[in-house]
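To be precise, the following lines are work.txt, and they hold compact mmCIF, C-alpha atoms (C1' of nucleotides).
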# COMPACT_ATOMS: atom_id res chain seq x y z
CA MET A 1 49.86 -51.64 80.64
CA VAL A 2 46.76 -51.50 78.55
CA GLN A 3 45.63 -48.56 76.45
CA ARG A 4 46.91 -48.55 72.89
CA ALA A 5 50.11 -47.85 71.03
CA ARG A 6 49.27 -44.31 70.02
CA PRO A 7 51.12 -43.70 66.73
CA THR A 8 51.22 -39.89 66.82
CA GLN A 9 47.51 -39.29 66.71
CA VAL A 10 46.52 -37.62 63.45
CA TYR A 11 43.29 -35.80 62.70
CA ALA A 12 42.32 -35.65 59.04
CA LEU A 13 41.70 -32.26 57.54
CA PRO A 14 38.02 -31.83 56.77
CA GLU A 15 37.57 -31.70 53.04
CA PRO A 16 36.77 -28.13 51.87
CA GLU A 17 33.92 -29.08 49.55
CA GLY A 18 31.15 -31.23 50.82
CA GLY A 19 30.00 -31.14 54.38
CA ARG A 20 31.33 -27.71 55.22
CA PRO A 21 32.31 -28.87 58.66
CA LEU A 22 33.06 -25.33 59.79
CA GLN A 23 31.97 -21.88 58.92
CA LEU A 24 35.48 -20.61 59.01
CA PHE A 25 36.50 -21.38 55.51
CA LEU A 26 37.04 -18.35 53.36
CA THR A 27 37.85 -16.19 56.33
CA TYR A 28 40.07 -18.81 57.87
CA ARG A 29 41.96 -19.32 54.64
CA LEU A 30 42.51 -15.63 54.23
CA ALA A 31 43.68 -15.30 57.80
CA ALA A 32 46.12 -18.14 57.32
CA LEU A 33 47.44 -16.67 54.10
CA ASN A 34 47.86 -13.30 55.67
CA ALA A 35 49.71 -14.82 58.58
CA ARG A 36 52.14 -16.51 56.22
CA LEU A 37 52.73 -13.38 54.22
CA ASN A 38 53.35 -11.42 57.38
CA ARG A 39 55.76 -13.99 58.67
CA GLN A 40 57.66 -13.97 55.42
CA ALA A 41 57.77 -10.19 55.29
CA SER A 42 59.04 -10.09 58.85
CA VAL A 43 61.91 -12.40 58.02
CA VAL A 44 62.86 -10.48 54.92
CA LEU A 45 62.74 -7.15 56.69
CA ARG A 46 64.67 -8.35 59.68
CA ARG A 47 67.42 -9.67 57.48
CA SER A 48 67.63 -6.61 55.32
CA GLY A 49 67.67 -3.75 57.73
CA GLY A 50 66.04 -4.80 60.98
CA LEU A 51 62.74 -3.11 60.23
CA LYS A 52 59.32 -4.14 61.45
CA ILE A 53 56.43 -4.22 59.03
CA PRO A 54 54.79 -0.93 59.99
CA GLU A 55 58.21 0.68 60.08
CA TRP A 56 58.83 -0.43 56.52
CA ARG A 57 55.48 0.92 55.42
CA VAL A 58 56.15 4.31 56.93
CA ILE A 59 59.61 4.51 55.40
CA ALA A 60 58.39 3.44 51.97
CA LEU A 61 55.65 6.02 52.12
CA LEU A 62 57.97 8.79 53.16
CA ALA A 63 60.40 7.83 50.44
CA THR A 64 57.81 8.24 47.71
CA HIS A 65 55.67 11.01 49.18
CA GLY A 66 58.24 13.17 50.86
CA VAL A 67 57.18 14.89 54.06
CA MET A 68 53.97 13.62 55.64
CA ASN A 69 52.18 13.89 58.95
CA GLY A 70 50.81 11.02 61.00
CA ARG A 71 47.30 11.30 59.72
CA GLY A 72 48.40 11.19 56.09
CA ILE A 73 50.52 8.13 56.68
CA GLY A 74 47.70 6.38 58.45
CA ALA A 75 45.23 7.13 55.69
CA ILE A 76 47.41 5.76 52.93
CA ALA A 77 49.18 2.92 54.66
CA GLY A 78 46.09 1.77 56.51
CA LEU A 79 47.73 2.16 59.87
CA ASP A 80 45.98 3.17 63.06
CA ALA A 81 46.90 6.59 64.41
CA GLY A 82 48.26 5.02 67.56
CA LEU A 83 50.44 2.64 65.63
CA VAL A 84 51.75 5.47 63.47
CA SER A 85 52.63 7.46 66.55
CA ARG A 86 54.60 4.63 68.11
CA THR A 87 56.29 3.83 64.81
CA PHE A 88 57.34 7.46 64.39
CA ARG A 89 59.00 7.35 67.76
CA ALA A 90 60.87 4.15 67.05
CA LEU A 91 62.10 5.39 63.69
CA GLU A 92 63.15 8.72 65.10
CA GLN A 93 65.15 7.07 67.84
CA ARG A 94 66.97 5.00 65.24
CA GLY A 95 67.72 8.15 63.30
CA LEU A 96 65.79 7.03 60.23
CA ILE A 97 63.28 9.86 60.19
CA ALA A 98 63.16 13.41 61.50
CA LEU A 99 60.05 14.81 63.16
CA ARG A 100 59.16 18.47 63.15
CA ARG A 101 56.17 20.33 64.55
CA ASP A 102 54.18 22.36 62.07
CA GLU A 103 54.77 26.06 62.66
CA GLY A 104 51.25 27.08 61.78
CA ASP A 105 49.42 24.26 63.54
CA ARG A 106 51.34 22.86 66.43
CA ARG A 107 49.20 19.75 66.73
CA ILE A 108 50.70 18.37 63.53
CA ALA A 109 53.99 16.46 63.41
CA HIS A 110 55.67 16.24 60.03
CA ALA A 111 57.95 13.31 59.32
CA ALA A 112 60.68 13.05 56.69
CA LEU A 113 63.41 10.55 55.96
CA THR A 114 66.91 11.35 57.09
CA GLU A 115 69.82 10.49 54.85
CA HIS A 116 70.27 7.34 56.84
CA GLY A 117 66.60 6.49 56.38
CA ARG A 118 66.71 7.08 52.65
CA SER A 119 69.74 4.92 52.12
CA LEU A 120 68.16 2.14 54.14
CA PHE A 121 65.07 2.42 51.97
CA LEU A 122 67.15 2.18 48.82
CA SER A 123 68.81 -0.98 50.03
CA VAL A 124 65.60 -2.66 51.18
CA ARG A 125 63.37 -1.70 48.29
CA PRO A 126 64.74 -4.14 45.70
CA VAL A 127 64.36 -7.01 48.13
CA MET A 128 60.75 -6.17 48.86
CA ALA A 129 59.98 -5.49 45.21
CA ALA A 130 61.39 -8.88 44.27
CA ARG A 131 59.22 -10.48 46.88
CA GLN A 132 56.12 -8.78 45.55
CA ASP A 133 56.99 -9.83 42.01
CA ARG A 134 57.55 -13.40 43.08
CA LEU A 135 54.16 -13.49 44.73
CA LEU A 136 52.40 -12.14 41.68
CA ALA A 137 54.37 -14.48 39.45
CA ALA A 138 52.76 -17.39 41.25
CA LEU A 139 49.44 -16.42 39.67
CA THR A 140 48.31 -16.65 36.09
CA ALA A 141 47.40 -13.48 34.25
CA ASP A 142 43.71 -14.21 34.75
CA GLU A 143 44.16 -14.67 38.44
CA ARG A 144 46.24 -11.56 38.77
CA ALA A 145 43.53 -9.61 37.03
CA LEU A 146 40.88 -10.93 39.35
CA VAL A 147 42.58 -10.91 42.69
CA PHE A 148 42.28 -7.19 43.32
CA ARG A 149 38.64 -7.15 42.29
CA ILE A 150 37.93 -10.02 44.63
CA ILE A 151 39.67 -8.30 47.49
CA ASP A 152 37.70 -5.12 46.91
CA LYS A 153 34.41 -6.94 46.83
CA LEU A 154 35.11 -8.85 49.99
CA ALA A 155 36.27 -5.71 51.74
CA ILE A 156 32.98 -4.05 50.90
CA ALA A 157 30.98 -7.06 52.00
CA ALA A 158 32.94 -7.19 55.23
CA ASP A 159 31.84 -3.71 56.07
CA ASP A 160 28.12 -4.21 56.47
CA VAL A 161 28.02 -5.82 59.85
CA SER A 162 24.26 -5.70 59.60
CA VAL A 163 23.87 -8.97 61.38
CA PRO A 164 20.76 -9.42 63.47
CA GLU A 165 21.00 -9.95 67.18
CA VAL A 166 21.18 -13.59 68.04
CA PRO A 167 17.83 -15.18 67.29
CA THR A 168 17.87 -17.41 70.35
CA MET P 12 48.43 35.18 62.24
CA VAL P 13 49.95 34.03 58.99
CA GLN P 14 50.34 30.43 57.81
CA ARG P 15 47.45 29.13 55.77
CA ALA P 16 43.90 28.07 56.31
CA ARG P 17 44.60 24.32 56.42
CA PRO P 18 41.41 22.71 55.12
CA THR P 19 41.82 19.29 56.68
CA GLN P 20 44.93 18.27 54.82
CA VAL P 21 44.23 15.39 52.45
CA TYR P 22 46.76 13.11 50.87
CA ALA P 23 45.65 11.48 47.65
CA LEU P 24 45.82 7.72 47.48
CA PRO P 25 48.53 6.67 45.07
CA GLU P 26 46.93 5.09 42.03
CA PRO P 27 47.40 1.30 42.07
CA GLU P 28 48.37 0.94 38.42
CA GLY P 29 51.12 3.05 37.01
CA GLY P 30 54.02 4.14 39.10
CA ARG P 31 53.69 1.50 41.77
CA PRO P 32 54.58 4.01 44.44
CA LEU P 33 54.96 1.30 47.03
CA GLN P 34 55.80 -2.33 47.12
CA LEU P 35 53.11 -3.04 49.60
CA PHE P 36 50.25 -3.58 47.26
CA LEU P 37 49.00 -7.12 47.13
CA THR P 38 50.22 -7.86 50.61
CA TYR P 39 48.91 -4.60 51.96
CA ARG P 40 45.51 -5.17 50.41
CA LEU P 41 45.28 -8.63 51.83
CA ALA P 42 46.31 -7.42 55.24
CA ALA P 43 43.68 -4.71 55.12
CA LEU P 44 41.00 -7.15 54.01
CA ASN P 45 41.93 -9.57 56.72
CA ALA P 46 41.80 -6.83 59.30
CA ARG P 47 38.30 -5.89 58.22
CA LEU P 48 37.09 -9.45 58.27
CA ASN P 49 38.55 -9.96 61.71
CA ARG P 50 36.96 -6.82 63.00
CA GLN P 51 33.61 -7.85 61.65
CA ALA P 52 33.89 -11.34 63.06
CA SER P 53 34.81 -9.91 66.43
CA VAL P 54 31.72 -7.75 66.50
CA VAL P 55 29.44 -10.58 65.48
CA LEU P 56 30.92 -12.97 68.00
CA ARG P 57 30.86 -10.49 70.82
CA ARG P 58 27.21 -9.79 70.20
CA SER P 59 26.21 -13.39 69.88
CA GLY P 60 27.83 -15.08 72.79
CA GLY P 61 30.85 -13.11 73.91
CA LEU P 62 33.36 -15.35 72.18
CA LYS P 63 36.72 -14.36 70.80
CA ILE P 64 37.77 -15.56 67.37
CA PRO P 65 40.05 -18.40 68.43
CA GLU P 66 37.47 -19.43 71.00
CA TRP P 67 34.87 -19.69 68.29
CA ARG P 68 37.19 -21.75 66.12
CA VAL P 69 37.86 -24.20 68.89
CA ILE P 70 34.18 -24.53 69.75
CA ALA P 71 33.17 -25.00 66.12
CA LEU P 72 35.83 -27.64 65.70
CA LEU P 73 34.81 -29.52 68.80
CA ALA P 74 31.18 -29.37 67.76
CA THR P 75 31.87 -31.10 64.46
CA HIS P 76 34.76 -33.35 65.43
CA GLY P 77 33.83 -34.37 68.93
CA VAL P 78 36.68 -34.88 71.34
CA MET P 79 40.05 -33.51 70.26
CA ASN P 80 43.38 -32.74 71.82
CA GLY P 81 45.30 -29.49 71.50
CA ARG P 82 47.53 -30.65 68.74
CA GLY P 83 44.61 -31.79 66.60
CA ILE P 84 42.84 -28.49 67.05
CA GLY P 85 45.93 -26.57 66.16
CA ALA P 86 46.53 -28.61 63.01
CA ILE P 87 43.03 -28.12 61.65
CA ALA P 88 42.21 -24.64 62.85
CA GLY P 89 45.64 -23.29 62.10
CA LEU P 90 46.19 -22.15 65.63
CA ASP P 91 49.51 -22.08 67.42
CA ALA P 92 49.92 -24.59 70.23
CA GLY P 93 50.31 -21.79 72.71
CA LEU P 94 47.17 -20.08 71.58
CA VAL P 95 45.25 -23.33 71.78
CA SER P 96 46.45 -23.89 75.30
CA ARG P 97 45.35 -20.45 76.47
CA THR P 98 42.04 -20.77 74.65
CA PHE P 99 41.37 -24.11 76.29
CA ARG P 100 41.86 -22.53 79.68
CA ALA P 101 39.55 -19.65 78.96
CA LEU P 102 36.82 -21.91 77.60
CA GLU P 103 37.13 -24.30 80.48
CA GLN P 104 36.79 -21.51 83.02
CA ARG P 105 33.61 -20.38 81.30
CA GLY P 106 32.28 -23.91 81.47
CA LEU P 107 32.06 -24.27 77.70
CA ILE P 108 34.44 -27.18 77.36
CA ALA P 109 35.68 -29.97 79.60
CA LEU P 110 39.32 -31.02 79.66
CA ARG P 111 40.49 -34.50 80.55
CA ARG P 112 43.94 -36.04 80.64
CA ASP P 113 44.45 -39.08 78.46
CA GLU P 114 44.74 -42.21 80.59
CA GLY P 115 47.27 -43.90 78.36
CA ASP P 116 49.41 -40.85 77.62
CA ARG P 117 49.25 -38.24 80.30
CA ARG P 118 50.82 -35.52 78.15
CA ILE P 119 47.65 -35.31 76.10
CA ALA P 120 44.66 -33.19 77.12
CA HIS P 121 41.37 -34.05 75.45
CA ALA P 122 38.76 -31.36 75.07
CA ALA P 123 35.03 -31.76 74.53
CA LEU P 124 32.08 -29.40 74.54
CA THR P 125 29.91 -29.28 77.61
CA GLU P 126 26.15 -28.99 77.24
CA HIS P 127 26.53 -25.28 77.76
CA GLY P 128 29.18 -25.13 75.07
CA ARG P 129 27.10 -27.07 72.60
CA SER P 130 24.06 -24.92 73.05
CA LEU P 131 26.16 -21.81 72.61
CA PHE P 132 27.54 -23.26 69.42
CA LEU P 133 24.05 -23.97 68.13
CA SER P 134 22.98 -20.42 68.73
CA VAL P 135 26.07 -18.83 67.19
CA ARG P 136 26.42 -21.09 64.18
CA PRO P 137 23.58 -19.66 62.07
CA VAL P 138 24.89 -16.16 62.56
CA MET P 139 28.38 -17.09 61.45
CA ALA P 140 27.09 -19.20 58.59
CA ALA P 141 25.01 -16.30 57.34
CA ARG P 142 28.06 -14.09 57.47
CA GLN P 143 30.08 -16.54 55.45
CA ASP P 144 27.31 -16.86 52.90
CA ARG P 145 27.02 -13.12 52.61
CA LEU P 146 30.71 -12.83 51.94
CA LEU P 147 30.66 -15.48 49.25
CA ALA P 148 27.53 -13.96 47.75
CA ALA P 149 29.50 -10.80 47.06
CA LEU P 150 31.51 -12.74 44.49
CA THR P 151 30.47 -14.09 41.11
CA ALA P 152 30.60 -17.81 40.50
CA ASP P 153 33.83 -17.43 38.58
CA GLU P 154 35.43 -15.49 41.36
CA ARG P 155 34.26 -17.94 43.96
CA ALA P 156 35.79 -20.74 41.96
CA LEU P 157 39.09 -18.95 41.70
CA VAL P 158 39.51 -17.45 45.10
CA PHE P 159 40.56 -20.63 46.85
CA ARG P 160 43.00 -21.51 44.14
CA ILE P 161 44.54 -18.07 44.36
CA ILE P 162 44.85 -18.30 48.10
CA ASP P 163 46.56 -21.66 47.83
CA LYS P 164 49.03 -20.44 45.25
CA LEU P 165 49.95 -17.38 47.23
CA ALA P 166 50.32 -19.41 50.38
CA ILE P 167 52.79 -21.66 48.61
CA ALA P 168 54.69 -18.72 47.16
CA ALA P 169 54.81 -17.11 50.57
CA ASP P 170 56.62 -20.10 51.94
CA ASP P 171 59.83 -19.93 50.02
CA VAL P 172 61.59 -17.15 51.79
CA SER P 173 64.55 -17.78 49.53
CA VAL P 174 65.45 -14.15 49.43
CA PRO P 175 69.13 -13.30 49.06
CA GLU P 176 70.93 -11.39 51.74
CA VAL P 177 70.82 -7.69 51.15
CA PRO P 178 72.96 -6.87 48.11
CA THR P 179 74.37 -3.68 49.56
C1' DA H 26 36.57 37.70 74.54
C1' DG H 27 34.54 33.12 75.94
C1' DA H 28 32.44 28.70 74.99
C1' DC H 29 32.35 24.91 72.06
C1' DA H 30 33.41 21.50 68.79
C1' DA H 31 36.67 19.29 65.93
C1' DT H 32 41.36 17.63 64.91
C1' DC H 33 46.10 15.61 65.56
C1' DA H 34 48.71 13.19 68.37
C1' DT H 35 49.64 10.36 72.28
C1' DT H 36 48.88 6.78 75.63
C1' DG H 37 47.10 2.55 77.71
C1' DA H 38 44.52 -1.58 77.40
C1' DC H 39 43.17 -5.00 74.65
C1' DT H 40 42.87 -9.10 70.72
C1' DA H 41 45.20 -12.17 67.35
C1' DG H 42 49.06 -14.56 66.48
C1' DT H 43 54.09 -16.18 66.56
C1' DC H 44 58.27 -17.91 68.52
C1' DA H 45 61.29 -19.95 71.88
C1' DA H 46 62.15 -22.12 76.18
C1' DT H 47 60.66 -25.21 79.54
C1' DT H 48 58.11 -29.10 81.77
C1' DT H 49 56.16 -33.40 81.77
C1' DT H 50 55.67 -37.66 79.88
C1' DA H 51 56.53 -41.45 76.80
C1' DG H 52 59.21 -44.64 73.90
C1' DG H 53 63.52 -46.70 72.01
C1' DG H 54 67.93 -48.59 72.43
C1' DC H 55 71.24 -50.88 75.33
C1' DG Z 28 66.83 -51.15 84.76
C1' DC Z 29 69.10 -46.32 82.58
C1' DC Z 30 69.96 -42.79 78.99
C1' DC Z 31 68.54 -40.36 75.25
C1' DT Z 32 65.24 -38.38 72.15
C1' DA Z 33 60.88 -36.77 70.89
C1' DA Z 34 56.09 -35.33 71.59
C1' DA Z 35 52.21 -32.49 74.05
C1' DA Z 36 51.42 -28.87 76.61
C1' DT Z 37 52.42 -24.79 79.01
C1' DT Z 38 54.49 -20.27 79.72
C1' DG Z 39 56.59 -15.81 78.67
C1' DA Z 40 58.02 -12.44 75.47
C1' DC Z 41 57.25 -10.49 71.37
C1' DT Z 42 54.82 -8.27 66.76
C1' DA Z 43 50.69 -6.44 64.38
C1' DG Z 44 46.73 -4.14 64.95
C1' DT Z 45 42.43 -2.03 67.19
C1' DC Z 46 39.86 0.82 70.27
C1' DA Z 47 38.92 4.31 73.67
C1' DA Z 48 40.32 8.07 76.48
C1' DT Z 49 43.03 12.07 76.99
C1' DG Z 50 45.70 16.40 75.98
C1' DA Z 51 46.86 20.00 73.32
C1' DT Z 52 45.68 22.98 69.86
C1' DT Z 53 42.84 25.21 66.50
C1' DG Z 54 38.78 27.24 64.20
C1' DT Z 55 34.08 28.80 64.77
C1' DC Z 56 30.18 30.77 66.68
C1' DT Z 57 28.12 34.23 69.51
Structure rendered as structure tokens:
Amino acid sequence: MVQRARPTQVYALPEPEGGRPLQLFLTYRLAALNARLNRQASVVLRRSGGLKIPEWRVIALLATHGVMNGRGIGAIAGLDAGLVSRTFRALEQRGLIALRRDEGDRRIAHAALTEHGRSLFLSVRPVMAARQDRLLAALTADERALVFRIIDKLAIAADDVSVPEVPT
Amino acid sequence: MVQRARPTQVYALPEPEGGRPLQLFLTYRLAALNARLNRQASVVLRRSGGLKIPEWRVIALLATHGVMNGRGIGAIAGLDAGLVSRTFRALEQRGLIALRRDEGDRRIAHAALTEHGRSLFLSVRPVMAARQDRLLAALTADERALVFRIIDKLAIAADDVSVPEVPT
DNA sequence: AGACAATCATTGACTAGTCAATTTTAGGGC
DNA sequence: GCCCTAAAATTGACTAGTCAATGATTGTCT
């Protein structure tokens, strides 16, 4: 016996303003938002073509830029070279892209959509575009105008890791 | 011979306004920002105590909330139950937290900081707080006021995955 | 020509996070 | 008491992304 009737123990969320109970606010919120967006994108992509997120990025980039090599993709899509390499392989095995070594510089691998890849892109694009529009529609015009500026500023601030060694 | 002098092939970034060459804009930007923030946090935490990000979240939460169980941590810190479980183990093995089974309900594991854990928290907190302040200082007052509202709105919009099956 | 540095790609190991299945335990009818 | 359901935690498999090391190739310098 003894010891309480435990009604599904609930911890209150610390109120954002006020005591600032944690340091993880802005960063935590952004991380949580990003996680949700990723999850949603994953679902959409899985339903409409069975693509993973980096696969979709590569395909979309190839569809609008034509032939590209791994380094170019990485620079524009913000993907790590390693991730690009693995994604190339997966897409090639599914027959969505074709890889070809550069004749003049045999280190470089050029990628291009196959017919299959292009038709998949054309069927997925409207779904992803609608999603993007729905996201932006959730904001007012003012907010839409500001959101990219805010992101840029934070990205710059995130870059100077000029934090002193621990004082203690 | 033959075949060009290849001056470090550069692909121009597609201009954000105008043709919208990709659908991945807002989401891509957020993902990139989040990646940068994570990277920076990792560096800071590694330097000042050797903690990983979820480990820091758990410690910060325990420091301000006292004893908590896994479910409570997960709800507030936004961590998956599995991740919390693994993080608990790692922190316990490093002697930073102590785990104890609830007497009344033996499914529940309560966690609390040890002395070692609390002193680590006290030494890391100012570093992380300074980082957070520096991030917020990069924004104007207007932007600061808006950023949380924007995040909330996007998070809500991200939740309705009411996307039709692929038309094709 | 030979040595050297830089570049593109590849690979493996790692962190952050999600999802699903399973285990253990508890509580509610009956 | 027994059966069923649900909750808390654990575990394994997976995706997204980063970092470092390596291999192959190329251009440059002497």
Against stretch 27-50 of chain H, which residues of stretch 74-112 of chain P fall within 12 Å? For each one I want the closest pair of atoms and the distance in Å (one decimal), counting all atoms listed in the file, rows by chain and increasing residue number, as CSV.
residue,atom,partner,partner_atom,distance
P:Gly89,CA,H:DG42,C1',10.3
P:Leu90,CA,H:DG42,C1',8.2
P:Asp91,CA,H:DT43,C1',7.5
P:Ala92,CA,H:DT43,C1',10.1
P:Gly93,CA,H:DT43,C1',9.1
P:Leu94,CA,H:DG42,C1',7.7
P:Val95,CA,H:DG42,C1',10.9
P:Thr98,CA,H:DA41,C1',11.7
P:Arg112,CA,H:DT50,C1',11.9
Suppose we keep C-alpha atoms; can you now write the selection as a short mmCIF file (atom, residue, chain, number, x, y, z; two decimals), in the frame of the given file?
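See part19.cif below for the written result:
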data_model
loop_
_atom_site.label_atom_id
_atom_site.label_comp_id
_atom_site.auth_asym_id
_atom_site.auth_seq_id
_atom_site.Cartn_x
_atom_site.Cartn_y
_atom_site.Cartn_z
CA GLY P 89 45.64 -23.29 62.10
CA LEU P 90 46.19 -22.15 65.63
CA ASP P 91 49.51 -22.08 67.42
CA ALA P 92 49.92 -24.59 70.23
CA GLY P 93 50.31 -21.79 72.71
CA LEU P 94 47.17 -20.08 71.58
CA VAL P 95 45.25 -23.33 71.78
CA THR P 98 42.04 -20.77 74.65
CA ARG P 112 43.94 -36.04 80.64
#
Open item on the list: With all atoms listed in the file considered, list every residue of chain Z at most 9 Å from chain A, as a list in words.
Closed with: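 Selected residues: DA34, DT42, DA43, DG44, DT45, DA51, DT52 and DT53 of chain Z.
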Open item on the list: Given all atoms listed in the file as the basis, pick out the residue of P:Leu44, P:Leu131, P:Ala152, P:Val55 nearest to A:Ile156.
Closed with: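 Of P:Leu44, P:Leu131, P:Ala152, P:Val55, the one nearest A:Ile156, counting all atoms listed in the file, is P:Leu44.
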Open item on the list: Let me make sure I understand: among A:Val43, A:Leu99, A:Leu51, A:Ala145, which one has the smallest atom-to-atom distance to chain P if we use all atoms listed in the file?
Closed with: A:Val43
Task: From P:Trp67, P:Phe132, P:Phe159, P:Phe36, residue lying nearest A:Ala77 [only C-alpha atoms] - done: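 Counting only C-alpha atoms, the residue closest to A:Ala77 is P:Phe36.
You can rank Z:DC31, Z:DC56, Z:DA36, Z:DA47 by their closest distance to H:DG52 using all atoms listed in the file, and at the top of that list sits Z:DC31.
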- [ ] Counting all atoms listed in the file, figure out which residue out of P:Ser96, P:Ser134, P:Thr125, P:Gln104 gets nearest to chain A.
- [x] P:Ser134
Open item on the list: List the spatial neighbours of P:Leu41 as a ChimeraX atom specification - criterion: any atom at most 8 Å away, all atoms listed in the file, same-chain residues fewer than 6 positions off excluded.
Closed with: /A:30,34,151
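Shortest separation to chain A among P:Arg100, P:Arg136, P:Arg105, P:Arg111 occurs at residue P:Arg136, atoms counted being all atoms listed in the file.
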Task: Non-local contacts of P:Ser130 (12 Å; all atoms listed in the file; under 5 positions in same chain excluded) as a VMD selection string - done: (chain A and resid 168) or (chain P and resid 60 70 to 71 74 106 to 108 124 to 125 135 to 136)
Now that the selection is made, can you save its residues with C-alpha atoms as a PDB file, in the frame of the given file?
ATOM      1  CA  THR A 168      17.870 -17.410  70.350  1.00  0.00           C
TER       2      THR A 168
ATOM      3  CA  GLY P  60      27.830 -15.080  72.790  1.00  0.00           C
ATOM      4  CA  ILE P  70      34.180 -24.530  69.750  1.00  0.00           C
ATOM      5  CA  ALA P  71      33.170 -25.000  66.120  1.00  0.00           C
ATOM      6  CA  ALA P  74      31.180 -29.370  67.760  1.00  0.00           C
ATOM      7  CA  GLY P 106      32.280 -23.910  81.470  1.00  0.00           C
ATOM      8  CA  LEU P 107      32.060 -24.270  77.700  1.00  0.00           C
ATOM      9  CA  ILE P 108      34.440 -27.180  77.360  1.00  0.00           C
ATOM     10  CA  LEU P 124      32.080 -29.400  74.540  1.00  0.00           C
ATOM     11  CA  THR P 125      29.910 -29.280  77.610  1.00  0.00           C
ATOM     12  CA  VAL P 135      26.070 -18.830  67.190  1.00  0.00           C
ATOM     13  CA  ARG P 136      26.420 -21.090  64.180  1.00  0.00           C
TER      14      ARG P 136
END
